[in-house]
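J.: My file is structure00.cif. It has mmCIF, N, CA and C atoms:
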data_target
loop_
_atom_site.label_atom_id
_atom_site.label_comp_id
_atom_site.auth_asym_id
_atom_site.auth_seq_id
_atom_site.Cartn_x
_atom_site.Cartn_y
_atom_site.Cartn_z
N MET A 1054 11.62 -3.56 4.77
CA MET A 1054 12.03 -3.31 3.40
C MET A 1054 13.55 -3.29 3.37
N ARG A 1055 14.12 -4.15 2.58
CA ARG A 1055 15.57 -4.20 2.47
C ARG A 1055 15.96 -3.69 1.07
N LEU A 1056 16.87 -2.76 1.07
CA LEU A 1056 17.29 -2.16 -0.18
C LEU A 1056 18.55 -2.84 -0.69
N THR A 1057 18.55 -3.23 -1.94
CA THR A 1057 19.76 -3.79 -2.52
C THR A 1057 20.74 -2.65 -2.78
N GLN A 1058 22.00 -3.01 -2.97
CA GLN A 1058 23.01 -1.98 -3.18
C GLN A 1058 22.69 -1.13 -4.41
N GLY A 1059 22.27 -1.76 -5.49
CA GLY A 1059 21.92 -1.00 -6.70
C GLY A 1059 20.74 -0.08 -6.47
N PHE A 1060 19.75 -0.59 -5.75
CA PHE A 1060 18.58 0.24 -5.46
C PHE A 1060 18.97 1.41 -4.57
N ARG A 1061 19.90 1.19 -3.64
CA ARG A 1061 20.34 2.28 -2.78
C ARG A 1061 20.94 3.42 -3.60
N ARG A 1062 21.72 3.04 -4.64
CA ARG A 1062 22.30 4.09 -5.50
C ARG A 1062 21.20 4.87 -6.19
N VAL A 1063 20.21 4.18 -6.72
CA VAL A 1063 19.08 4.85 -7.37
C VAL A 1063 18.33 5.70 -6.34
N HIS A 1064 18.12 5.13 -5.17
CA HIS A 1064 17.42 5.81 -4.08
C HIS A 1064 18.11 7.12 -3.74
N ARG A 1065 19.44 7.09 -3.60
CA ARG A 1065 20.18 8.32 -3.30
C ARG A 1065 20.06 9.33 -4.43
N SER A 1066 20.08 8.85 -5.68
CA SER A 1066 19.94 9.75 -6.82
C SER A 1066 18.58 10.40 -6.83
N ILE A 1067 17.55 9.63 -6.55
CA ILE A 1067 16.20 10.19 -6.52
C ILE A 1067 16.10 11.22 -5.41
N ALA A 1068 16.59 10.88 -4.23
CA ALA A 1068 16.54 11.81 -3.10
C ALA A 1068 17.32 13.08 -3.40
N ARG A 1069 18.48 12.93 -4.02
CA ARG A 1069 19.31 14.08 -4.36
C ARG A 1069 18.59 15.02 -5.31
N ASP A 1070 17.81 14.47 -6.22
CA ASP A 1070 17.13 15.28 -7.23
C ASP A 1070 15.77 15.79 -6.76
N SER A 1071 15.50 15.71 -5.45
CA SER A 1071 14.33 16.29 -4.81
C SER A 1071 13.02 15.56 -5.04
N ALA A 1072 13.06 14.33 -5.47
CA ALA A 1072 11.83 13.55 -5.55
C ALA A 1072 11.50 13.04 -4.16
N ALA A 1073 10.22 12.81 -3.91
CA ALA A 1073 9.82 12.28 -2.62
C ALA A 1073 10.31 10.84 -2.47
N VAL A 1074 10.94 10.54 -1.37
CA VAL A 1074 11.44 9.20 -1.09
C VAL A 1074 10.85 8.76 0.25
N PHE A 1075 10.25 7.59 0.25
CA PHE A 1075 9.58 7.11 1.45
C PHE A 1075 10.14 5.76 1.87
N ALA A 1076 11.40 5.71 2.18
CA ALA A 1076 12.03 4.50 2.71
C ALA A 1076 13.43 4.86 3.16
N TRP A 1077 13.89 4.17 4.15
CA TRP A 1077 15.27 4.34 4.60
C TRP A 1077 15.69 3.08 5.33
N LYS A 1078 16.96 2.87 5.37
CA LYS A 1078 17.50 1.69 6.03
C LYS A 1078 17.25 1.80 7.53
N GLY A 1079 16.74 0.72 8.10
CA GLY A 1079 16.53 0.67 9.54
C GLY A 1079 15.21 1.24 10.02
N GLU A 1080 14.29 1.52 9.11
CA GLU A 1080 13.02 2.07 9.55
C GLU A 1080 12.25 1.06 10.40
N THR A 1081 11.46 1.57 11.34
CA THR A 1081 10.65 0.72 12.19
C THR A 1081 9.42 0.26 11.42
N LEU A 1082 8.68 -0.67 11.97
CA LEU A 1082 7.45 -1.14 11.34
C LEU A 1082 6.45 0.01 11.19
N GLN A 1083 6.34 0.84 12.21
CA GLN A 1083 5.44 1.99 12.14
C GLN A 1083 5.90 2.97 11.06
N GLU A 1084 7.20 3.21 10.98
CA GLU A 1084 7.73 4.09 9.93
C GLU A 1084 7.50 3.50 8.54
N TYR A 1085 7.65 2.18 8.42
CA TYR A 1085 7.42 1.52 7.14
C TYR A 1085 6.00 1.76 6.65
N TRP A 1086 5.01 1.58 7.53
CA TRP A 1086 3.62 1.77 7.12
C TRP A 1086 3.31 3.24 6.88
N TRP A 1087 3.94 4.13 7.64
CA TRP A 1087 3.79 5.56 7.37
C TRP A 1087 4.31 5.86 5.97
N CYS A 1088 5.47 5.31 5.63
CA CYS A 1088 6.05 5.51 4.29
C CYS A 1088 5.13 4.96 3.21
N THR A 1089 4.57 3.79 3.44
CA THR A 1089 3.66 3.19 2.45
C THR A 1089 2.47 4.10 2.23
N GLU A 1090 1.87 4.59 3.30
CA GLU A 1090 0.71 5.48 3.19
C GLU A 1090 1.10 6.79 2.50
N ARG A 1091 2.23 7.35 2.86
CA ARG A 1091 2.67 8.62 2.25
C ARG A 1091 2.93 8.47 0.75
N SER A 1092 3.42 7.31 0.35
CA SER A 1092 3.71 7.10 -1.08
C SER A 1092 2.44 7.10 -1.92
N LEU A 1093 1.30 6.89 -1.30
CA LEU A 1093 0.02 6.89 -2.02
C LEU A 1093 -0.67 8.26 -1.98
N ASP A 1094 -0.23 9.15 -1.11
CA ASP A 1094 -0.89 10.44 -0.91
C ASP A 1094 -0.13 11.53 -1.66
N TRP A 1095 -0.67 11.94 -2.78
CA TRP A 1095 -0.02 12.96 -3.61
C TRP A 1095 -0.72 14.31 -3.51
N GLY A 1096 -1.56 14.48 -2.51
CA GLY A 1096 -2.28 15.73 -2.33
C GLY A 1096 -3.60 15.71 -3.10
N PRO A 1097 -4.35 16.81 -2.99
CA PRO A 1097 -5.67 16.88 -3.63
C PRO A 1097 -5.60 16.62 -5.14
N GLY A 1098 -6.45 15.71 -5.59
CA GLY A 1098 -6.53 15.42 -7.01
C GLY A 1098 -5.39 14.57 -7.56
N GLY A 1099 -4.46 14.19 -6.74
CA GLY A 1099 -3.32 13.43 -7.22
C GLY A 1099 -3.29 12.02 -6.68
N GLY A 1100 -2.35 11.28 -7.15
CA GLY A 1100 -2.17 9.91 -6.69
C GLY A 1100 -1.62 9.04 -7.79
N PRO A 1101 -1.25 7.85 -7.44
CA PRO A 1101 -0.67 6.95 -8.44
C PRO A 1101 -1.70 6.46 -9.44
N ASP A 1102 -1.24 6.22 -10.66
CA ASP A 1102 -2.07 5.59 -11.69
C ASP A 1102 -1.86 4.09 -11.71
N LEU A 1103 -0.65 3.68 -11.36
CA LEU A 1103 -0.26 2.28 -11.36
C LEU A 1103 0.62 2.03 -10.15
N ILE A 1104 0.38 0.93 -9.47
CA ILE A 1104 1.23 0.57 -8.34
C ILE A 1104 2.11 -0.58 -8.76
N VAL A 1105 3.40 -0.42 -8.56
CA VAL A 1105 4.34 -1.52 -8.72
C VAL A 1105 4.64 -1.94 -7.28
N ASP A 1106 3.98 -3.00 -6.87
CA ASP A 1106 3.98 -3.41 -5.47
C ASP A 1106 4.89 -4.62 -5.30
N ASP A 1107 5.68 -4.62 -4.27
CA ASP A 1107 6.56 -5.74 -3.97
C ASP A 1107 6.17 -6.29 -2.61
N GLY A 1108 5.28 -7.26 -2.62
CA GLY A 1108 4.79 -7.84 -1.38
C GLY A 1108 3.32 -7.54 -1.14
N GLY A 1109 2.76 -6.63 -1.90
CA GLY A 1109 1.33 -6.36 -1.82
C GLY A 1109 0.89 -5.44 -0.71
N ASP A 1110 1.83 -4.77 -0.04
CA ASP A 1110 1.45 -3.93 1.09
C ASP A 1110 0.61 -2.72 0.68
N ALA A 1111 1.00 -2.01 -0.36
CA ALA A 1111 0.22 -0.85 -0.81
C ALA A 1111 -1.15 -1.29 -1.29
N THR A 1112 -1.20 -2.41 -2.00
CA THR A 1112 -2.47 -2.94 -2.48
C THR A 1112 -3.37 -3.29 -1.30
N MET A 1113 -2.82 -3.95 -0.29
CA MET A 1113 -3.59 -4.31 0.89
C MET A 1113 -4.08 -3.07 1.63
N LEU A 1114 -3.23 -2.06 1.76
CA LEU A 1114 -3.62 -0.83 2.45
C LEU A 1114 -4.81 -0.17 1.75
N ILE A 1115 -4.78 -0.12 0.44
CA ILE A 1115 -5.89 0.48 -0.31
C ILE A 1115 -7.17 -0.33 -0.11
N HIS A 1116 -7.08 -1.65 -0.22
CA HIS A 1116 -8.26 -2.49 -0.05
C HIS A 1116 -8.84 -2.37 1.36
N GLU A 1117 -7.99 -2.39 2.37
CA GLU A 1117 -8.47 -2.24 3.75
C GLU A 1117 -9.02 -0.84 3.98
N GLY A 1118 -8.40 0.17 3.36
CA GLY A 1118 -8.90 1.54 3.48
C GLY A 1118 -10.27 1.71 2.86
N VAL A 1119 -10.48 1.14 1.67
CA VAL A 1119 -11.79 1.21 1.01
C VAL A 1119 -12.85 0.51 1.87
N LYS A 1120 -12.50 -0.66 2.39
CA LYS A 1120 -13.43 -1.41 3.24
C LYS A 1120 -13.81 -0.59 4.48
N ALA A 1121 -12.84 0.05 5.11
CA ALA A 1121 -13.11 0.86 6.30
C ALA A 1121 -13.95 2.09 5.95
N GLU A 1122 -13.68 2.71 4.81
CA GLU A 1122 -14.47 3.87 4.38
C GLU A 1122 -15.93 3.49 4.15
N GLU A 1123 -16.14 2.33 3.57
CA GLU A 1123 -17.52 1.88 3.33
C GLU A 1123 -18.24 1.61 4.64
N GLU A 1124 -17.56 1.00 5.59
CA GLU A 1124 -18.15 0.75 6.91
C GLU A 1124 -18.43 2.07 7.63
N PHE A 1125 -17.49 3.01 7.53
CA PHE A 1125 -17.66 4.32 8.17
C PHE A 1125 -18.85 5.07 7.57
N ALA A 1126 -19.00 5.02 6.26
CA ALA A 1126 -20.13 5.69 5.60
C ALA A 1126 -21.47 5.07 6.01
N LYS A 1127 -21.47 3.77 6.20
CA LYS A 1127 -22.69 3.04 6.53
C LYS A 1127 -23.07 3.19 8.01
N SER A 1128 -22.08 3.07 8.90
CA SER A 1128 -22.39 3.01 10.33
C SER A 1128 -21.72 4.08 11.19
N GLY A 1129 -20.77 4.81 10.62
CA GLY A 1129 -20.01 5.78 11.40
C GLY A 1129 -18.92 5.14 12.24
N LYS A 1130 -18.73 3.84 12.07
CA LYS A 1130 -17.74 3.10 12.86
C LYS A 1130 -16.34 3.26 12.27
N LEU A 1131 -15.39 3.61 13.14
CA LEU A 1131 -13.99 3.73 12.75
C LEU A 1131 -13.28 2.40 13.00
N PRO A 1132 -12.22 2.13 12.24
CA PRO A 1132 -11.44 0.91 12.48
C PRO A 1132 -10.91 0.90 13.91
N ASP A 1133 -10.87 -0.29 14.51
CA ASP A 1133 -10.40 -0.44 15.88
C ASP A 1133 -9.10 -1.24 15.89
N PRO A 1134 -7.97 -0.56 16.07
CA PRO A 1134 -6.69 -1.27 16.09
C PRO A 1134 -6.60 -2.35 17.16
N THR A 1135 -7.38 -2.24 18.24
CA THR A 1135 -7.34 -3.26 19.29
C THR A 1135 -8.16 -4.50 18.92
N SER A 1136 -8.79 -4.50 17.75
CA SER A 1136 -9.60 -5.65 17.33
C SER A 1136 -8.75 -6.81 16.83
N THR A 1137 -7.44 -6.62 16.74
CA THR A 1137 -6.54 -7.67 16.28
C THR A 1137 -5.33 -7.78 17.21
N ASN A 1138 -4.77 -8.97 17.28
CA ASN A 1138 -3.54 -9.18 18.05
C ASN A 1138 -2.30 -8.99 17.18
N ASN A 1139 -2.50 -8.82 15.88
CA ASN A 1139 -1.39 -8.66 14.95
C ASN A 1139 -0.87 -7.22 15.04
N ALA A 1140 0.33 -7.05 15.57
CA ALA A 1140 0.90 -5.72 15.79
C ALA A 1140 1.00 -4.92 14.49
N GLU A 1141 1.36 -5.58 13.41
CA GLU A 1141 1.50 -4.87 12.13
C GLU A 1141 0.13 -4.40 11.63
N PHE A 1142 -0.88 -5.26 11.74
CA PHE A 1142 -2.22 -4.87 11.27
C PHE A 1142 -2.81 -3.79 12.17
N GLN A 1143 -2.43 -3.75 13.44
CA GLN A 1143 -2.86 -2.66 14.32
C GLN A 1143 -2.38 -1.32 13.79
N ILE A 1144 -1.14 -1.30 13.30
CA ILE A 1144 -0.58 -0.07 12.72
C ILE A 1144 -1.36 0.33 11.48
N VAL A 1145 -1.66 -0.65 10.62
CA VAL A 1145 -2.43 -0.39 9.40
C VAL A 1145 -3.79 0.21 9.76
N LEU A 1146 -4.49 -0.40 10.71
CA LEU A 1146 -5.81 0.09 11.11
C LEU A 1146 -5.73 1.50 11.70
N LEU A 1147 -4.68 1.78 12.46
CA LEU A 1147 -4.50 3.12 13.02
C LEU A 1147 -4.29 4.15 11.92
N ILE A 1148 -3.49 3.83 10.93
CA ILE A 1148 -3.26 4.74 9.80
C ILE A 1148 -4.57 5.01 9.06
N ILE A 1149 -5.33 3.96 8.81
CA ILE A 1149 -6.61 4.12 8.12
C ILE A 1149 -7.58 4.94 8.97
N LYS A 1150 -7.63 4.66 10.26
CA LYS A 1150 -8.51 5.40 11.17
C LYS A 1150 -8.19 6.89 11.15
N GLU A 1151 -6.92 7.22 11.25
CA GLU A 1151 -6.51 8.63 11.23
C GLU A 1151 -6.85 9.28 9.90
N GLY A 1152 -6.67 8.54 8.80
CA GLY A 1152 -7.00 9.06 7.48
C GLY A 1152 -8.49 9.31 7.30
N LEU A 1153 -9.32 8.43 7.86
CA LEU A 1153 -10.77 8.59 7.77
C LEU A 1153 -11.24 9.88 8.42
N GLN A 1154 -10.59 10.26 9.48
CA GLN A 1154 -10.99 11.46 10.21
C GLN A 1154 -10.68 12.73 9.43
N SER A 1155 -9.70 12.68 8.53
CA SER A 1155 -9.37 13.86 7.74
C SER A 1155 -9.98 13.81 6.33
N ASP A 1156 -10.16 12.62 5.76
CA ASP A 1156 -10.76 12.47 4.43
C ASP A 1156 -11.45 11.11 4.34
N PRO A 1157 -12.77 11.08 4.52
CA PRO A 1157 -13.48 9.80 4.55
C PRO A 1157 -13.58 9.09 3.20
N LEU A 1158 -13.01 9.67 2.15
CA LEU A 1158 -13.00 9.02 0.83
C LEU A 1158 -11.60 8.89 0.25
N LYS A 1159 -10.60 9.04 1.08
CA LYS A 1159 -9.21 9.03 0.63
C LYS A 1159 -8.88 7.80 -0.22
N TYR A 1160 -9.18 6.61 0.29
CA TYR A 1160 -8.81 5.39 -0.42
C TYR A 1160 -9.72 5.12 -1.61
N HIS A 1161 -10.96 5.59 -1.56
CA HIS A 1161 -11.83 5.49 -2.74
C HIS A 1161 -11.25 6.33 -3.89
N LYS A 1162 -10.74 7.51 -3.56
CA LYS A 1162 -10.15 8.38 -4.59
C LYS A 1162 -8.91 7.72 -5.20
N ILE A 1163 -8.10 7.09 -4.36
CA ILE A 1163 -6.91 6.39 -4.86
C ILE A 1163 -7.34 5.25 -5.77
N LYS A 1164 -8.32 4.46 -5.31
CA LYS A 1164 -8.82 3.32 -6.09
C LYS A 1164 -9.35 3.77 -7.45
N GLU A 1165 -10.10 4.85 -7.49
CA GLU A 1165 -10.68 5.33 -8.74
C GLU A 1165 -9.62 5.78 -9.75
N ARG A 1166 -8.52 6.28 -9.26
CA ARG A 1166 -7.46 6.78 -10.14
C ARG A 1166 -6.61 5.64 -10.72
N LEU A 1167 -6.51 4.53 -9.99
CA LEU A 1167 -5.62 3.44 -10.39
C LEU A 1167 -6.12 2.71 -11.63
N VAL A 1168 -5.19 2.46 -12.55
CA VAL A 1168 -5.50 1.62 -13.71
C VAL A 1168 -5.06 0.19 -13.46
N GLY A 1169 -4.25 -0.02 -12.42
CA GLY A 1169 -3.86 -1.38 -12.11
C GLY A 1169 -2.70 -1.47 -11.14
N VAL A 1170 -2.35 -2.72 -10.84
CA VAL A 1170 -1.25 -3.03 -9.95
C VAL A 1170 -0.38 -4.09 -10.59
N SER A 1171 0.91 -3.94 -10.44
CA SER A 1171 1.86 -4.96 -10.85
C SER A 1171 2.54 -5.43 -9.58
N GLU A 1172 2.53 -6.72 -9.36
CA GLU A 1172 3.08 -7.32 -8.14
C GLU A 1172 4.32 -8.11 -8.49
N GLU A 1173 5.31 -8.09 -7.60
CA GLU A 1173 6.58 -8.77 -7.84
C GLU A 1173 6.64 -10.16 -7.22
N THR A 1174 6.18 -10.31 -6.00
CA THR A 1174 6.39 -11.58 -5.31
C THR A 1174 5.38 -12.64 -5.75
N THR A 1175 5.81 -13.88 -5.74
CA THR A 1175 4.93 -14.99 -6.11
C THR A 1175 3.73 -15.06 -5.17
N THR A 1176 3.97 -14.90 -3.87
CA THR A 1176 2.87 -14.93 -2.91
C THR A 1176 1.88 -13.81 -3.17
N GLY A 1177 2.40 -12.61 -3.43
CA GLY A 1177 1.53 -11.47 -3.73
C GLY A 1177 0.72 -11.69 -4.99
N VAL A 1178 1.34 -12.26 -6.01
CA VAL A 1178 0.64 -12.53 -7.26
C VAL A 1178 -0.49 -13.53 -7.03
N LYS A 1179 -0.21 -14.57 -6.26
CA LYS A 1179 -1.25 -15.57 -5.95
C LYS A 1179 -2.42 -14.91 -5.24
N ARG A 1180 -2.13 -14.04 -4.29
CA ARG A 1180 -3.21 -13.33 -3.59
C ARG A 1180 -4.03 -12.48 -4.55
N LEU A 1181 -3.35 -11.78 -5.45
CA LEU A 1181 -4.07 -10.95 -6.42
C LEU A 1181 -4.97 -11.79 -7.31
N TYR A 1182 -4.46 -12.92 -7.77
CA TYR A 1182 -5.28 -13.81 -8.60
C TYR A 1182 -6.48 -14.34 -7.82
N GLN A 1183 -6.29 -14.66 -6.54
CA GLN A 1183 -7.41 -15.12 -5.71
C GLN A 1183 -8.45 -14.01 -5.57
N MET A 1184 -7.98 -12.79 -5.33
CA MET A 1184 -8.90 -11.66 -5.20
C MET A 1184 -9.63 -11.41 -6.51
N GLN A 1185 -8.92 -11.53 -7.62
CA GLN A 1185 -9.56 -11.35 -8.92
C GLN A 1185 -10.63 -12.43 -9.14
N ALA A 1186 -10.30 -13.67 -8.79
CA ALA A 1186 -11.23 -14.78 -8.98
C ALA A 1186 -12.49 -14.64 -8.13
N ASN A 1187 -12.35 -14.11 -6.90
CA ASN A 1187 -13.53 -14.00 -6.04
C ASN A 1187 -14.21 -12.64 -6.14
N GLY A 1188 -13.73 -11.78 -7.04
CA GLY A 1188 -14.39 -10.50 -7.30
C GLY A 1188 -14.06 -9.40 -6.31
N SER A 1189 -13.06 -9.59 -5.45
CA SER A 1189 -12.75 -8.56 -4.46
C SER A 1189 -11.62 -7.62 -4.87
N LEU A 1190 -10.96 -7.89 -5.99
CA LEU A 1190 -9.88 -7.02 -6.44
C LEU A 1190 -10.47 -5.73 -6.99
N LEU A 1191 -10.02 -4.61 -6.48
CA LEU A 1191 -10.62 -3.32 -6.80
C LEU A 1191 -10.11 -2.70 -8.10
N PHE A 1192 -9.01 -3.21 -8.64
CA PHE A 1192 -8.44 -2.68 -9.87
C PHE A 1192 -7.70 -3.81 -10.57
N PRO A 1193 -7.47 -3.67 -11.87
CA PRO A 1193 -6.86 -4.77 -12.64
C PRO A 1193 -5.41 -5.04 -12.27
N ILE A 1194 -5.00 -6.25 -12.57
CA ILE A 1194 -3.60 -6.65 -12.46
C ILE A 1194 -2.94 -6.31 -13.79
N ARG A 1195 -1.83 -5.64 -13.75
CA ARG A 1195 -1.09 -5.26 -14.96
C ARG A 1195 0.32 -5.80 -14.89
N GLY A 1196 0.87 -6.23 -16.02
CA GLY A 1196 2.28 -6.62 -16.08
C GLY A 1196 2.67 -7.58 -14.98
N ASN A 1197 1.98 -8.68 -14.89
CA ASN A 1197 2.17 -9.61 -13.78
C ASN A 1197 3.56 -10.21 -13.71
N HIS A 1198 3.90 -10.61 -12.53
CA HIS A 1198 5.15 -11.31 -12.21
C HIS A 1198 5.27 -12.57 -13.08
N ARG A 1199 6.43 -12.80 -13.57
CA ARG A 1199 6.70 -14.04 -14.34
C ARG A 1199 7.64 -14.89 -13.53
N ARG A 1200 7.35 -16.13 -13.47
CA ARG A 1200 8.17 -17.06 -12.71
C ARG A 1200 9.56 -17.14 -13.31
N ARG A 1201 10.57 -17.00 -12.46
CA ARG A 1201 11.96 -17.09 -12.93
C ARG A 1201 12.46 -18.49 -12.68
N ARG A 1202 13.20 -19.04 -13.63
CA ARG A 1202 13.74 -20.40 -13.50
C ARG A 1202 15.22 -20.36 -13.36
#
Please rewrite the model in this file as structure tokens.
T.:
Amino acid sequence: MRLTQGFRRVHRSIARDSAAVFAWKGETLQEYWWCTERSLDWGPGGGPDLIVDDGGDATMLIHEGVKAEEEFAKSGKLPDPTSTNNAEFQIVLLIIKEGLQSDPLKYHKIKERLVGVSEETTTGVKRLYQMQANGSLLFPIRGNHRRRR
């Protein structure tokens, strides 16, 4: 995650005013995914109503979390980070696995609360439209990205 200079100013203002901030310059890949997961966890009964996602990472985390929760409920099987060679996806699976052990419905609760997702990147928007078309999108797309000319 790269912060623009303007966003850094806003970021510092938010941090100064005691709002939760889950990003910093130079964070590792593991820290990035920890931040993504923390930004979705608002404690019991809380959570985001709308995700403004830039790149689709939060959306992907929720979808993978819901899928893992359903498998866990059906078979008791936890996600296996060693099932992939993708280092980043290993981190995602580990985060989901740890979350399942403390709350086996965490991502279902997040999904139920969401009224939609707004995506910024063209690639992310295309993925969302594909998911919507094949029926796998768990919540509506809101305020979609508009192509800039």
J.: Using all atoms listed in the file, which of the listed residues (A:Glu1173, A:Arg1195, A:Pro1132, A:Asp1094) sits closest to Glu1151 (chain A)?
T.: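 Smallest separation from Glu1151 (chain A) among the options: A:Pro1132.
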J.: Applying 10 Å and only C-alpha atoms, which residues near Ile1163 (chain A) remain after dropping the ones on its own chain fewer than 4 positions away? List them as a list of chain:residue names.
T.: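 Final neighbour list, sorted by chain and number: A:Leu1093, A:Asp1094, A:Trp1095, A:Gly1098, A:Gly1099, A:Gly1100, A:Pro1101, A:Asp1102, A:Ile1115, A:Gly1118, A:Val1119, A:Leu1158, A:Lys1159, A:Leu1167.
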J.: Which is closest to Ser1171 (chain A) among A:Ile1104, A:Leu1114, A:Thr1089, A:Gln1083, if we use only N, CA and C atoms?
T.: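 For Ser1171 (chain A), the nearest of the candidates is A:Ile1104.
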J.: How would you write, as a list in words, the set of residues in region 1056-1202 of chain A that DSSP gives as strand (DSSP E)?
T.: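 Residues of region 1056-1202 of chain A classed as strand (DSSP E): Leu1103, Ile1104, Val1105, Asp1106, Gly1169, Val1170, Ser1171 and Glu1172 of chain A.
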J.: Compare A:Leu1147, A:Leu1191, A:Leu1131, A:Gly1108 by their minimum atom-to-atom distance to Lys1179 (chain A), counting only C-alpha atoms, and give me the closest one.
T.: A:Gly1108
J.: What's around Thr1176 (chain A) at 12 Å? Count only C-alpha atoms, leave out sequence neighbours fewer than 5 positions away in its own chain, and write the answer as a VMD selection string.
T.: chain A and resid 1106 to 1110 1181 to 1183 1198 1200
J.: My list of candidates is A:Ile1144, A:Thr1175, A:Ile1194, A:Glu1122. Which is closest to Tyr1160 (chain A) when distances are computed with all atoms listed in the file?
T.: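 So, comparing all the options, the nearest one is A:Glu1122.
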J.: Nearest to Met1113 (chain A) among A:Phe1125, A:Gly1079, A:Ser1189, A:Asp1156, with distances taken over only C-alpha atoms: which residue is it?
T.: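 For Met1113 (chain A), the nearest of the given residues is A:Ser1189.
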J.: Have a look at A:Ala1186, A:Trp1087, A:Leu1082, A:Lys1120 and name the one nearest to Glu1141 (chain A); count all atoms listed in the file.
T.: A:Leu1082
